[in-house]
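Enquirer: This is the content of target_13.cif (mmCIF, C-alpha atoms and all ligand atoms):
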```
data_my_file
#
loop_
_atom_site.label_atom_id
_atom_site.label_comp_id
_atom_site.auth_asym_id
_atom_site.auth_seq_id
_atom_site.Cartn_x
_atom_site.Cartn_y
_atom_site.Cartn_z
CA MET D 1 -21.66 7.08 50.99
CA ASN D 2 -18.75 9.37 51.62
CA VAL D 3 -16.11 7.49 49.67
CA THR D 4 -14.59 9.52 46.91
CA TYR D 5 -12.17 8.57 44.22
CA SER D 6 -9.52 10.98 45.46
CA ASP D 7 -9.60 9.44 48.95
CA MET D 8 -8.35 6.22 47.43
CA LYS D 9 -5.69 7.53 45.06
CA PRO D 10 -2.16 6.48 45.98
CA ASP D 11 0.84 8.69 45.68
CA THR D 12 1.82 7.54 42.20
CA ALA D 13 5.04 9.57 42.20
CA SER D 14 6.48 7.32 44.87
CA VAL D 15 5.09 4.28 43.07
CA ALA D 16 6.93 5.27 39.92
CA ASN D 17 10.30 5.78 41.58
CA GLY D 18 9.80 2.74 43.78
CA SER D 19 10.82 4.56 46.95
CA LEU D 20 9.86 2.77 50.13
CA ILE D 21 9.84 4.44 53.48
CA ALA D 22 9.82 2.56 56.78
CA GLY D 23 6.36 1.42 57.83
CA GLU D 24 4.91 2.15 54.37
CA GLU D 25 4.41 -1.48 53.48
CA LEU D 26 2.31 -2.12 56.56
CA ARG D 27 0.24 0.99 55.90
CA ASP D 28 -0.51 -0.15 52.34
CA THR D 29 -1.94 -3.45 53.45
CA THR D 30 -4.10 -1.54 55.90
CA GLU D 31 -5.24 0.72 53.07
CA LEU D 32 -6.16 -2.29 50.95
CA LYS D 33 -8.09 -3.67 53.89
CA GLU D 34 -9.96 -0.39 54.35
CA THR D 35 -10.69 -0.30 50.64
CA LEU D 36 -12.05 -3.83 50.86
CA GLY D 37 -14.33 -2.71 53.70
CA LEU D 38 -15.76 0.06 51.50
CA TYR D 39 -16.30 -2.32 48.62
CA ARG D 40 -18.04 -4.86 50.84
CA LYS D 41 -20.39 -2.13 52.02
CA VAL D 42 -21.22 -1.00 48.48
CA LEU D 43 -21.62 -4.61 47.34
CA PHE D 44 -23.82 -5.82 50.18
CA GLU D 45 -25.88 -2.70 50.72
CA GLN D 46 -26.28 -1.37 47.19
CA ILE D 47 -25.22 -3.63 44.34
CA LEU D 48 -26.52 -7.05 45.39
CA PRO D 49 -29.89 -5.86 46.75
CA LEU D 50 -30.54 -4.20 43.37
CA TRP D 51 -29.20 -6.82 40.94
CA SER D 52 -30.63 -9.82 42.81
CA THR D 53 -34.15 -8.30 42.75
CA VAL D 54 -34.75 -5.77 39.96
CA GLY D 55 -31.92 -7.39 38.04
CA ALA D 56 -33.63 -10.78 38.12
CA ASP D 57 -36.38 -11.18 35.56
CA HIS D 58 -39.14 -13.12 37.27
CA ALA D 59 -41.50 -12.85 34.31
CA ARG D 60 -39.10 -14.14 31.65
CA GLY D 61 -36.64 -16.02 33.85
CA GLY D 62 -32.92 -15.38 34.10
CA TYR D 63 -31.37 -11.97 34.60
CA ALA D 64 -31.65 -8.57 32.96
CA GLU D 65 -29.27 -7.57 30.19
CA THR D 66 -29.12 -4.02 31.56
CA LEU D 67 -30.67 -1.73 34.15
CA SER D 68 -31.47 1.83 33.19
CA ALA D 69 -29.88 4.83 34.91
CA ARG D 70 -33.05 4.96 37.04
CA GLY D 71 -32.47 1.38 38.15
CA ARG D 72 -35.21 -0.25 36.08
CA GLY D 73 -35.18 -3.28 33.84
CA ALA D 74 -36.38 -2.98 30.26
CA PRO D 75 -37.74 -5.39 27.67
CA GLY D 76 -35.36 -6.17 24.82
CA PRO D 77 -32.98 -8.78 23.46
CA ARG D 78 -30.79 -10.60 25.94
CA ARG D 79 -27.57 -12.57 25.77
CA VAL D 80 -28.15 -15.87 27.53
CA ARG D 81 -24.63 -15.87 28.95
CA VAL D 82 -25.37 -12.82 31.09
CA THR D 83 -27.37 -15.18 33.30
CA ALA D 84 -24.38 -17.55 33.47
CA ARG D 85 -22.30 -14.62 34.72
CA GLN D 86 -25.00 -13.72 37.30
CA VAL D 87 -25.05 -17.31 38.59
CA TYR D 88 -21.34 -16.96 39.24
CA ALA D 89 -21.89 -13.54 40.85
CA MET D 90 -24.49 -14.92 43.27
CA CYS D 91 -22.10 -17.77 44.21
CA GLU D 92 -19.25 -15.35 44.81
CA ALA D 93 -21.64 -13.22 46.91
CA ALA D 94 -22.31 -16.22 49.15
CA GLU D 95 -18.59 -16.92 49.34
CA LEU D 96 -18.03 -13.33 50.47
CA GLY D 97 -20.56 -13.76 53.28
CA TRP D 98 -23.70 -12.28 51.75
CA ASN D 99 -27.10 -13.73 52.68
CA ARG D 100 -26.75 -17.39 51.74
CA LEU D 101 -30.45 -18.07 51.26
CA ALA D 102 -30.79 -15.13 48.89
CA ALA D 103 -27.66 -16.20 47.00
CA GLU D 104 -28.86 -19.78 46.66
CA ALA D 105 -32.25 -18.60 45.42
CA GLY D 106 -30.50 -16.42 42.86
CA VAL D 107 -28.32 -19.29 41.70
CA ARG D 108 -31.27 -21.68 41.32
CA HIS D 109 -33.22 -19.00 39.45
CA GLY D 110 -30.32 -18.59 37.03
CA CYS D 111 -29.63 -22.31 36.65
CA ARG D 112 -33.27 -23.01 35.72
CA PHE D 113 -33.05 -20.42 32.95
CA LEU D 114 -29.72 -21.76 31.68
CA ALA D 115 -31.08 -25.33 31.56
CA LEU D 116 -34.10 -24.11 29.58
CA HIS D 117 -31.88 -22.27 27.10
CA THR D 118 -29.52 -25.11 26.38
CA SER D 119 -29.80 -27.20 23.21
CA ALA D 120 -30.41 -30.96 23.22
CA GLY D 121 -26.66 -31.34 22.63
CA GLY D 122 -25.92 -29.35 25.80
CA PHE D 123 -24.79 -26.06 24.21
CA LEU D 124 -25.96 -22.71 25.54
CA PHE D 125 -27.92 -20.55 23.09
CA HIS D 126 -26.51 -17.14 22.27
CA THR D 127 -29.25 -14.47 22.23
CA LEU D 128 -32.97 -14.19 22.81
CA ALA D 129 -35.19 -11.67 21.04
CA ALA D 130 -37.49 -9.40 23.04
CA ASP D 131 -40.25 -12.02 22.72
CA ASP D 132 -37.84 -14.62 24.18
CA SER D 133 -37.49 -16.62 20.98
CA VAL D 134 -33.95 -17.77 20.29
CA SER D 135 -32.72 -15.19 17.78
CA ASP D 136 -29.29 -16.67 17.17
CA ILE D 137 -29.14 -20.41 16.73
CA GLY D 138 -25.38 -20.60 16.22
CA PHE D 139 -23.28 -21.84 19.11
CA ASP D 140 -20.49 -19.67 20.38
CA LEU D 141 -17.39 -20.92 22.22
CA TYR D 142 -17.39 -17.90 24.56
CA ASP D 143 -20.92 -18.76 25.75
CA GLN D 144 -20.00 -22.38 26.45
CA ALA D 145 -17.00 -21.24 28.51
CA PHE D 146 -19.32 -19.18 30.71
CA LEU D 147 -21.74 -22.06 31.12
CA LEU D 148 -18.85 -24.26 32.32
CA PHE D 149 -17.77 -21.48 34.65
CA ALA D 150 -21.28 -21.00 36.07
CA HIS D 151 -21.60 -24.75 36.57
CA ALA D 152 -18.37 -24.85 38.60
CA HIS D 153 -19.49 -22.17 41.01
CA ALA D 154 -23.06 -23.49 41.25
CA TRP D 155 -21.66 -26.91 42.12
CA ARG D 156 -19.43 -25.43 44.79
CA LEU D 157 -22.45 -23.73 46.39
CA LEU D 158 -25.29 -26.20 45.83
CA ARG D 159 -23.45 -29.56 45.68
CA ASP D 160 -26.01 -30.91 43.23
CA PRO D 161 -24.34 -33.88 41.45
CA ASP D 162 -26.40 -33.21 38.32
CA ILE D 163 -24.32 -30.06 37.77
CA VAL D 164 -21.07 -32.02 37.59
CA GLU D 165 -22.58 -34.36 35.00
CA ARG D 166 -23.80 -31.46 32.88
CA ALA D 167 -20.41 -29.78 33.04
CA ARG D 168 -18.46 -32.91 32.11
CA LEU D 169 -20.78 -33.53 29.16
CA LEU D 170 -20.47 -29.95 27.98
CA ARG D 171 -16.69 -30.04 28.25
CA GLN D 172 -16.65 -33.24 26.19
CA SER D 173 -18.94 -31.71 23.53
CA VAL D 174 -16.81 -28.56 23.34
CA VAL D 175 -13.60 -30.55 22.95
CA GLU D 176 -15.15 -32.72 20.22
CA ARG D 177 -17.28 -30.24 18.30
CA PHE D 178 -15.30 -26.98 18.52
CA ALA D 179 -11.85 -28.53 17.92
CA HIS D 180 -9.74 -26.86 15.23
CA ALA D 181 -7.65 -29.27 13.14
CA ASP D 182 -4.44 -27.38 14.00
CA GLY D 183 -5.12 -27.14 17.74
CA GLY D 184 -7.35 -24.90 19.79
CA PHE D 185 -11.00 -24.20 19.19
CA VAL D 186 -13.09 -22.45 16.57
CA ASP D 187 -15.08 -19.37 17.50
CA ARG D 188 -18.56 -20.53 16.57
CA LEU D 189 -19.88 -23.75 15.05
CA ASP D 190 -21.70 -21.91 12.25
CA LYS D 191 -19.00 -19.26 11.67
CA PRO D 192 -15.71 -20.72 12.87
CA PHE D 193 -13.41 -17.84 11.79
CA PRO D 194 -11.70 -15.59 12.62
CA LEU D 195 -10.20 -17.49 15.52
CA ARG D 196 -9.91 -15.49 18.74
CA SER D 197 -7.82 -15.83 21.87
CA ASN D 198 -10.57 -14.35 24.06
CA PRO D 199 -12.94 -17.36 24.34
CA HIS D 200 -9.90 -19.53 25.04
CA MET D 201 -9.13 -17.29 28.02
CA HIS D 202 -12.57 -17.93 29.45
CA LEU D 203 -12.18 -21.68 28.85
CA LEU D 204 -9.02 -21.47 30.93
CA GLU D 205 -10.92 -19.57 33.60
CA ALA D 206 -13.65 -22.23 33.67
CA SER D 207 -11.15 -25.10 33.82
CA LEU D 208 -9.31 -23.43 36.70
CA ALA D 209 -12.61 -23.00 38.54
CA TRP D 210 -13.21 -26.76 38.21
CA LEU D 211 -9.66 -27.85 39.13
CA PRO D 212 -10.07 -27.82 42.93
CA LEU D 213 -13.66 -29.09 42.73
CA ASP D 214 -13.61 -32.18 40.52
CA PRO D 215 -10.86 -34.83 40.44
CA ASP D 216 -11.53 -35.53 36.74
CA PRO D 217 -8.05 -35.00 35.18
CA ARG D 218 -9.57 -33.60 31.98
CA TRP D 219 -10.04 -30.17 33.61
CA ARG D 220 -6.31 -29.94 34.09
CA GLU D 221 -5.75 -31.19 30.53
CA LEU D 222 -8.04 -28.48 29.17
CA ALA D 223 -6.33 -25.78 31.24
CA ASP D 224 -2.90 -26.95 30.10
CA THR D 225 -4.05 -27.10 26.47
CA VAL D 226 -5.13 -23.47 26.59
CA VAL D 227 -1.91 -22.35 28.26
CA ALA D 228 0.10 -24.28 25.64
CA LEU D 229 -1.85 -22.44 22.94
CA PHE D 230 -1.18 -19.16 24.69
CA LEU D 231 2.56 -19.92 24.61
CA SER D 232 2.61 -21.19 21.03
CA ARG D 233 0.07 -18.91 19.31
CA PHE D 234 -1.51 -16.16 21.41
CA VAL D 235 1.47 -14.39 22.87
CA ASP D 236 3.62 -12.32 20.56
CA ARG D 237 6.97 -13.40 21.96
CA GLU D 238 8.89 -10.46 20.57
CA ARG D 239 6.55 -7.75 21.76
CA GLY D 240 5.37 -9.64 24.85
CA ILE D 241 1.71 -8.92 24.18
CA LEU D 242 -1.45 -10.89 23.65
CA ARG D 243 -2.71 -11.31 20.09
CA GLU D 244 -6.46 -11.12 19.70
CA THR D 245 -7.44 -12.37 16.24
CA PHE D 246 -6.23 -15.01 13.81
CA GLY D 247 -7.13 -16.28 10.34
CA ALA D 248 -8.43 -19.79 9.74
CA ASP D 249 -4.86 -21.22 9.76
CA TRP D 250 -3.91 -19.38 12.97
CA THR D 251 -2.03 -16.65 11.12
CA PRO D 252 -2.19 -13.55 13.36
CA VAL D 253 -4.24 -10.69 11.93
CA GLU D 254 -1.99 -7.65 11.50
CA ASP D 255 -2.56 -4.21 10.05
CA ALA D 256 0.54 -2.70 8.41
CA GLY D 257 2.85 -4.67 10.70
CA ARG D 258 1.05 -3.94 13.93
CA CYS D 259 -1.91 -5.41 15.75
CA ARG D 260 -4.59 -4.18 18.12
CA VAL D 261 -3.94 -4.77 21.81
CA GLU D 262 -6.58 -4.73 24.53
CA PRO D 263 -4.94 -3.76 27.85
CA GLY D 264 -7.89 -5.34 29.69
CA HIS D 265 -7.21 -8.70 28.07
CA ASN D 266 -3.50 -8.47 28.82
CA TYR D 267 -4.26 -7.88 32.50
CA GLU D 268 -6.89 -10.61 32.52
CA TRP D 269 -4.70 -13.24 30.85
CA ALA D 270 -1.82 -12.33 33.15
CA TRP D 271 -4.06 -12.83 36.21
CA LEU D 272 -5.28 -16.19 34.93
CA LEU D 273 -1.82 -17.40 33.97
CA MET D 274 -0.55 -16.55 37.45
CA ARG D 275 -3.51 -18.49 38.91
CA TRP D 276 -2.72 -21.42 36.63
CA GLU D 277 0.88 -21.36 37.85
CA ALA D 278 -0.24 -21.24 41.49
CA LEU D 279 -2.73 -24.09 41.07
CA THR D 280 -0.66 -26.41 38.90
CA GLY D 281 2.97 -25.52 39.53
CA GLY D 282 3.28 -24.76 35.80
CA ASP D 283 5.47 -22.06 34.32
CA ALA D 284 4.24 -19.36 31.95
CA GLY D 285 7.64 -17.68 31.94
CA ALA D 286 8.01 -13.92 32.06
CA PHE D 287 4.91 -13.32 29.94
CA PRO D 288 2.37 -12.52 32.68
CA LEU D 289 4.56 -9.78 34.15
CA GLY D 290 5.51 -8.58 30.66
CA MET D 291 1.87 -8.21 29.64
CA VAL D 292 1.03 -6.30 32.81
CA GLY D 293 4.04 -4.07 32.10
CA PHE D 294 2.94 -3.40 28.50
CA ALA D 295 -0.63 -2.64 29.57
CA GLU D 296 0.57 -0.32 32.32
CA THR D 297 3.05 1.50 30.08
CA HIS D 298 0.95 1.88 26.93
CA GLY D 299 -2.63 1.14 27.94
CA TYR D 300 -3.00 3.22 31.09
CA ASP D 301 -3.86 6.89 30.93
CA PRO D 302 -2.31 8.58 33.99
CA LEU D 303 -4.43 11.72 33.56
CA ARG D 304 -7.77 9.94 33.89
CA ARG D 305 -6.19 7.05 35.85
CA VAL D 306 -7.84 4.43 33.63
CA ALA D 307 -6.85 1.44 31.55
CA VAL D 308 -8.11 2.26 28.05
CA ASN D 309 -10.00 -0.04 25.70
CA GLU D 310 -7.40 -0.51 22.99
CA VAL D 311 -3.95 0.53 21.80
CA TRP D 312 -1.78 -0.52 18.86
CA SER D 313 1.09 -2.91 19.44
CA ASP D 314 3.55 -0.05 18.75
CA GLY D 315 2.05 1.69 21.78
CA SER D 316 0.07 4.33 19.87
CA ALA D 317 -3.56 5.12 20.72
CA SER D 318 -6.38 3.19 19.13
CA ASP D 319 -9.48 3.53 21.35
CA GLY D 320 -8.98 5.88 24.31
CA LYS D 321 -12.38 5.27 25.82
CA ALA D 322 -12.27 3.14 28.95
CA ARG D 323 -14.89 0.55 29.80
CA LEU D 324 -15.36 -0.51 33.40
CA TRP D 325 -14.09 -4.07 32.98
CA PRO D 326 -10.41 -3.30 32.12
CA GLN D 327 -10.24 -1.51 35.50
CA THR D 328 -11.25 -4.67 37.38
CA GLU D 329 -8.73 -6.70 35.40
CA ARG D 330 -6.01 -4.22 36.27
CA LEU D 331 -6.85 -4.59 39.94
CA LYS D 332 -6.86 -8.41 39.77
CA ALA D 333 -3.56 -8.51 37.86
CA TRP D 334 -1.75 -6.25 40.33
CA LEU D 335 -3.07 -8.24 43.29
CA ALA D 336 -1.74 -11.41 41.63
CA VAL D 337 1.64 -9.71 41.10
CA ALA D 338 1.64 -8.59 44.75
CA ARG D 339 0.91 -12.14 45.91
CA ARG D 340 4.07 -13.46 44.31
CA SER D 341 6.27 -10.50 45.26
CA GLN D 342 8.19 -9.53 48.36
CA GLY D 343 9.40 -6.28 49.92
CA PRO D 344 9.44 -3.20 47.66
CA ASP D 345 8.07 -5.14 44.69
CA ARG D 346 5.02 -6.15 46.66
CA TRP D 347 4.63 -2.62 47.95
CA ARG D 348 4.66 -1.26 44.38
CA ALA D 349 2.16 -3.87 43.20
CA GLU D 350 -0.13 -3.02 46.12
CA LYS D 351 0.09 0.67 45.21
CA PHE D 352 -1.03 -0.09 41.66
CA ALA D 353 -3.82 -2.30 42.99
CA LEU D 354 -4.93 0.53 45.23
CA ASP D 355 -4.93 2.91 42.27
CA ALA D 356 -7.05 0.47 40.25
CA ALA D 357 -9.46 0.07 43.18
CA GLY D 358 -9.84 3.86 43.33
CA THR D 359 -10.55 4.02 39.61
CA LEU D 360 -13.17 1.30 39.85
CA MET D 361 -14.91 3.10 42.71
CA SER D 362 -15.32 6.16 40.47
CA TYR D 363 -17.35 4.02 38.02
CA LEU D 364 -19.68 3.06 40.88
CA GLN D 365 -20.62 6.64 41.80
CA THR D 366 -24.03 6.87 40.15
CA PRO D 367 -27.15 8.86 41.10
CA VAL D 368 -29.03 5.62 41.78
CA ALA D 369 -27.00 3.49 44.18
CA GLY D 370 -26.00 0.01 43.02
CA LEU D 371 -25.49 0.86 39.34
CA TRP D 372 -22.31 1.64 37.42
CA HIS D 373 -21.05 3.68 34.51
CA ASP D 374 -19.78 1.48 31.72
CA VAL D 375 -17.71 3.82 29.55
CA MET D 376 -15.44 6.72 30.43
CA LEU D 377 -14.91 9.03 27.45
CA GLU D 378 -11.64 10.64 26.40
CA ASP D 379 -12.53 13.85 28.25
CA GLY D 380 -12.94 11.99 31.55
CA SER D 381 -16.75 12.16 31.63
CA PHE D 382 -18.91 9.05 31.66
CA ALA D 383 -21.07 8.19 28.66
CA ALA D 384 -24.78 8.20 29.40
CA GLY D 385 -26.36 4.80 29.12
CA ASP D 386 -27.67 1.72 30.83
CA ALA D 387 -25.59 -0.34 33.26
CA PRO D 388 -24.75 -3.70 31.67
CA GLY D 389 -25.55 -6.67 33.91
CA SER D 390 -22.53 -8.48 32.47
CA SER D 391 -20.18 -6.22 34.47
CA LEU D 392 -21.30 -7.57 37.85
CA TYR D 393 -19.12 -10.60 37.16
CA HIS D 394 -16.06 -8.38 36.81
CA ILE D 395 -16.86 -6.23 39.84
CA ILE D 396 -17.57 -9.06 42.25
CA CYS D 397 -14.62 -11.11 41.04
CA ALA D 398 -12.30 -8.17 41.72
CA ILE D 399 -13.81 -7.72 45.21
CA GLY D 400 -13.39 -11.48 45.81
CA GLU D 401 -9.75 -11.27 44.77
CA LEU D 402 -9.21 -8.29 47.06
CA GLN D 403 -10.80 -10.22 49.94
CA ARG D 404 -8.59 -13.27 49.28
CA TYR D 405 -5.50 -11.10 49.05
CA VAL D 406 -6.21 -9.32 52.32
CA ASP D 407 -6.98 -12.67 54.01
CA SER D 408 -3.71 -14.13 52.76
CA ARG D 409 -1.75 -11.15 54.06
CA GLU D 410 -3.38 -11.36 57.49
CA GLU D 411 -1.93 -14.82 57.91
CA TYR D 412 1.44 -13.10 58.18
CA ALA D 413 0.30 -10.25 60.42
O1 LIG M 1 -18.89 -6.95 26.93
P1 LIG M 1 -19.26 -7.71 28.17
O2 LIG M 1 -20.19 -8.85 27.91
O3 LIG M 1 -19.71 -6.82 29.27
O4 LIG M 1 -17.93 -8.38 28.64
C1 LIG M 1 -16.87 -7.57 28.96
C2 LIG M 1 -15.54 -8.21 28.67
O5 LIG M 1 -15.30 -9.31 29.50
C3 LIG M 1 -13.94 -9.71 29.48
O6 LIG M 1 -13.77 -10.74 30.40
C4 LIG M 1 -13.51 -10.10 28.11
O7 LIG M 1 -14.03 -11.32 27.71
C5 LIG M 1 -13.93 -9.04 27.09
O8 LIG M 1 -13.67 -9.48 25.79
C6 LIG M 1 -15.37 -8.65 27.25
O9 LIG M 1 -15.73 -7.61 26.36
#
```
Just give me the structure of the file as structure tokens.
Ligand SMILES: O=P(O)(O)OC[C@H]1O[C@@H](O)[C@@H](O)[C@@H](O)[C@@H]1O
Expert:
Amino acid sequence: MNVTYSDMKPDTASVANGSLIAGEELRDTTELKETLGLYRKVLFEQILPLWSTVGADHARGGYAETLSARGRGAPGPRRVRVTARQVYAMCEAAELGWNRLAAEAGVRHGCRFLALHTSAGGFLFHTLAADDSVSDIGFDLYDQAFLLFAHAHAWRLLRDPDIVERARLLRQSVVERFAHADGGFVDRLDKPFPLRSNPHMHLLEASLAWLPLDPDPRWRELADTVVALFLSRFVDRERGILRETFGADWTPVEDAGRCRVEPGHNYEWAWLLMRWEALTGGDAGAFPLGMVGFAETHGYDPLRRVAVNEVWSDGSASDGKARLWPQTERLKAWLAVARRSQGPDRWRAEKFALDAAGTLMSYLQTPVAGLWHDVMLEDGSFAAGDAPGSSLYHIICAIGELQRYVDSREEYA
């Protein structure tokens, strides 16, 4: 593959000053389309062939937690939810036009494993030890959100009515058993606190995935409940940022008057809130754009061209390493901003999206094709280590969003 990171870098000086020259807007959409073409090639020819075969564990069922830098699976503990994410990834692959039979086989393989690792009450188990025994018998809200999400996409692909029943039951159990007395949901049944905004975000994602698929009004209710919580508890209205952690009574956790901010989560929430607005006609106010603005201003390192893991709410550095997933969330957020913008604003948003796409491509340049680097260090090098299977969900979702954006723009061409 001849694609290099620098080929895809936009001219950020003109992004910053917002200058727009005639014909530039048209060229940017073309660039996004070309970028999409490169991503489709990498996805179809490198990533999916590897993760749907070596990445699927045919001895133990489900999918691998990681693949080594040589592209091999390894025995070891696994998080059950990684398979839920891979079920989604295989569905999105089919949606993007990948081999449908292979995708369906991958989805069925994952769904069998998920059904086997679900409790009698319908909750997904958390982790398995290397010998496949359940090593964590507590139930975690984040895991249940991903099971709901996987169910939505599996239903869309397979149209098996049993999936809808399972999902409705699980939603009901979550709402009843995880409910916090003061609104929202506890983090785990066995260890409810601290409360966290993050699993709520994935519940919103799962509800939005179900909205167009199932007329049951309780998906919309769940989505609206999470957005209401975002507006009343999660967003720091003064600073316009997402709060991560709360005490048992929903008091935000602060450290000497400031809190930790994850740029990746701010991008990801912003993207989901804009989707919620588009799907429901709801109004999340200026917060989505504000959170993208904060993340871009304080959580993006222009030297390495990456969104970093964590900053403090006063903008100072906290964790300057940069995992892969905040880069995909940056791309998705800017595409969502571009979708709702016109003229120079859309042009700027597309430029940022292009920058994020270039950054992501640099994480995919590995000696063995189809893998990725997970962590960029402060010096710009990548940390050695295995490729986490859980990141395929982020990568393919970003490519799906890019595809949908380009398709929507072509309607106007
Ligand atoms: O750490 P893994 O499992 O790869 O997930 C990566 C990240 O996914 C995002 O969507 C968020 O939920 C993060 O909190 C999480 O850390």
Enquirer: Compile the contact shell of Leu36 of chain D as an MDAnalysis selection string: residues with an atom at most 7 Å away, counting all atoms listed in the file, same-chain residues fewer than 3 positions apart removed.
Expert: chainID D and resid 32:33 39:40 402:403
Enquirer: Can you tell me which residues come within 9 Å of ligand LIG 1 (chain M) when counting only C-alpha atoms and all ligand atoms, ideally as an NGL selection string?
Expert: :D and (79 or 81-82 or 142 or 198-199 or 201-202 or 262 or 264-265 or 268 or 323-326 or 329 or 374 or 388-394)
Enquirer: Within 8 Å of segment 121-123 of chain D, counting all atoms listed in the file, which residues qualify if same-chain residues fewer than 4 places away don't, as a ChimeraX atom specification?
Expert: /D:139,144,166,169-170,173
Enquirer: Can you tell me which residues surround Thr280 of chain D at a distance of at most 10 Å, considering all atoms listed in the file, apart from same-chain residues fewer than 2 positions away, and format the answer as a list of chain:residue names?
Expert: D:Leu208, D:Leu211, D:Arg220, D:Ala223, D:Asp224, D:Met274, D:Arg275, D:Trp276, D:Glu277, D:Ala278, D:Gly282, D:Asp283
Enquirer: When you look at Thr66 of chain D with a cut-off of 9 Å (counting only C-alpha atoms), what residues show up, excluding the ones that are within fewer than 3 positions of it in the same chain? I need them as a list in words.
Expert: Gly55, Tyr63, Arg72, Gly73, Ala74, Arg78, Asp386, Ala387, Pro388, Gly389 and Ser390 of chain D
Enquirer: Let's have the selection written as a CSV table (one decimal), keeping the file's coordinate frame, with C-alpha atoms.
Expert:
```
chain,number,residue,atom,x,y,z
D,55,GLY,CA,-31.9,-7.4,38.0
D,63,TYR,CA,-31.4,-12.0,34.6
D,72,ARG,CA,-35.2,-0.2,36.1
D,73,GLY,CA,-35.2,-3.3,33.8
D,74,ALA,CA,-36.4,-3.0,30.3
D,78,ARG,CA,-30.8,-10.6,25.9
D,386,ASP,CA,-27.7,1.7,30.8
D,387,ALA,CA,-25.6,-0.3,33.3
D,388,PRO,CA,-24.8,-3.7,31.7
D,389,GLY,CA,-25.6,-6.7,33.9
D,390,SER,CA,-22.5,-8.5,32.5
```
Enquirer: Which value, in Å to one decimal, gives the distance between atom CA of Val42 of chain D and atom CA of Ala56 of chain D?
Expert: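 It comes out at 18.9 Å.
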Enquirer: Quick one: of D:Leu229, D:Ala398, D:Leu38, D:Leu371, who's nearest to Ala356 of chain D, counting only C-alpha atoms?
Expert: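 With only C-alpha atoms as the atom set, the closest residue is D:Ala398.
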Enquirer: Between atom CA of Thr328 of chain D and atom CA of Arg304 of chain D, measure the distance and give it in Å to one decimal.
Expert: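 Taking atom CA of Thr328 of chain D as the start and atom CA of Arg304 of chain D as the end point, the length is 15.4 Å.
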Enquirer: List the neighbours of Ala357 of chain D out to 10 Å using all atoms listed in the file; skip same-chain residues closer than 4 positions along the sequence, and give me the result as a list in words.
Expert: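 Residues near the query, excluding close chain neighbours: Tyr5, Met8, Lys9, Leu32, Thr35, Leu36, Tyr39, Gln327, Thr328, Arg330, Leu331, Lys332, Lys351, Phe352, Ala353, Met361, Ser362, Ala398, Ile399 and Leu402 of chain D.
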Enquirer: Select, from D:Gly370, D:Val186, D:Gln172, D:Asp345, the residue with the minimum atom-to-atom distance to Ser52 of chain D, counting all atoms listed in the file.
Expert: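 Smallest separation from Ser52 of chain D among the options: D:Gly370.
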Enquirer: Name the closest residue to His298 of chain D among the candidates D:Glu92, D:Tyr363, D:Trp210, D:Ser316; distances are taken between atoms, counting all atoms listed in the file.
Expert: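 Of D:Glu92, D:Tyr363, D:Trp210, D:Ser316, the one nearest His298 of chain D is D:Ser316, counting all atoms listed in the file.
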Enquirer: Could you check how far atom CA of Trp334 of chain D sits from atom CA of Phe230 of chain D, in Å to one decimal?
Expert: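 These two atoms are separated by 20.3 Å.
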Enquirer: Please put the answer as AutoDock Vina command-line options: centre and edge lengths, in Å with one decimal, of a box along x, y and z that encloses all listed atoms of segment 342-355 of chain D plus 3 Å on each side.
Expert:
```
--center_x 2.3 --center_y -3.3 --center_z 45.8 --size_x 20.4 --size_y 18.4 --size_z 14.3
```
Enquirer: Nearest residue to Gly257 of chain D out of D:Trp312, D:Asp187, D:Lys41, D:Gly380, using all atoms listed in the file?
Expert: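 Under the stated criterion, the closest residue is D:Trp312.
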Enquirer: Rank D:Val164, D:Pro288, D:Leu141, D:Leu279 by their smallest atom-to-atom distance to Phe178 of chain D, using all atoms listed in the file, and report the top residue only.
Expert: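 Nearest candidate to Phe178 of chain D out of D:Val164, D:Pro288, D:Leu141, D:Leu279: D:Leu141.
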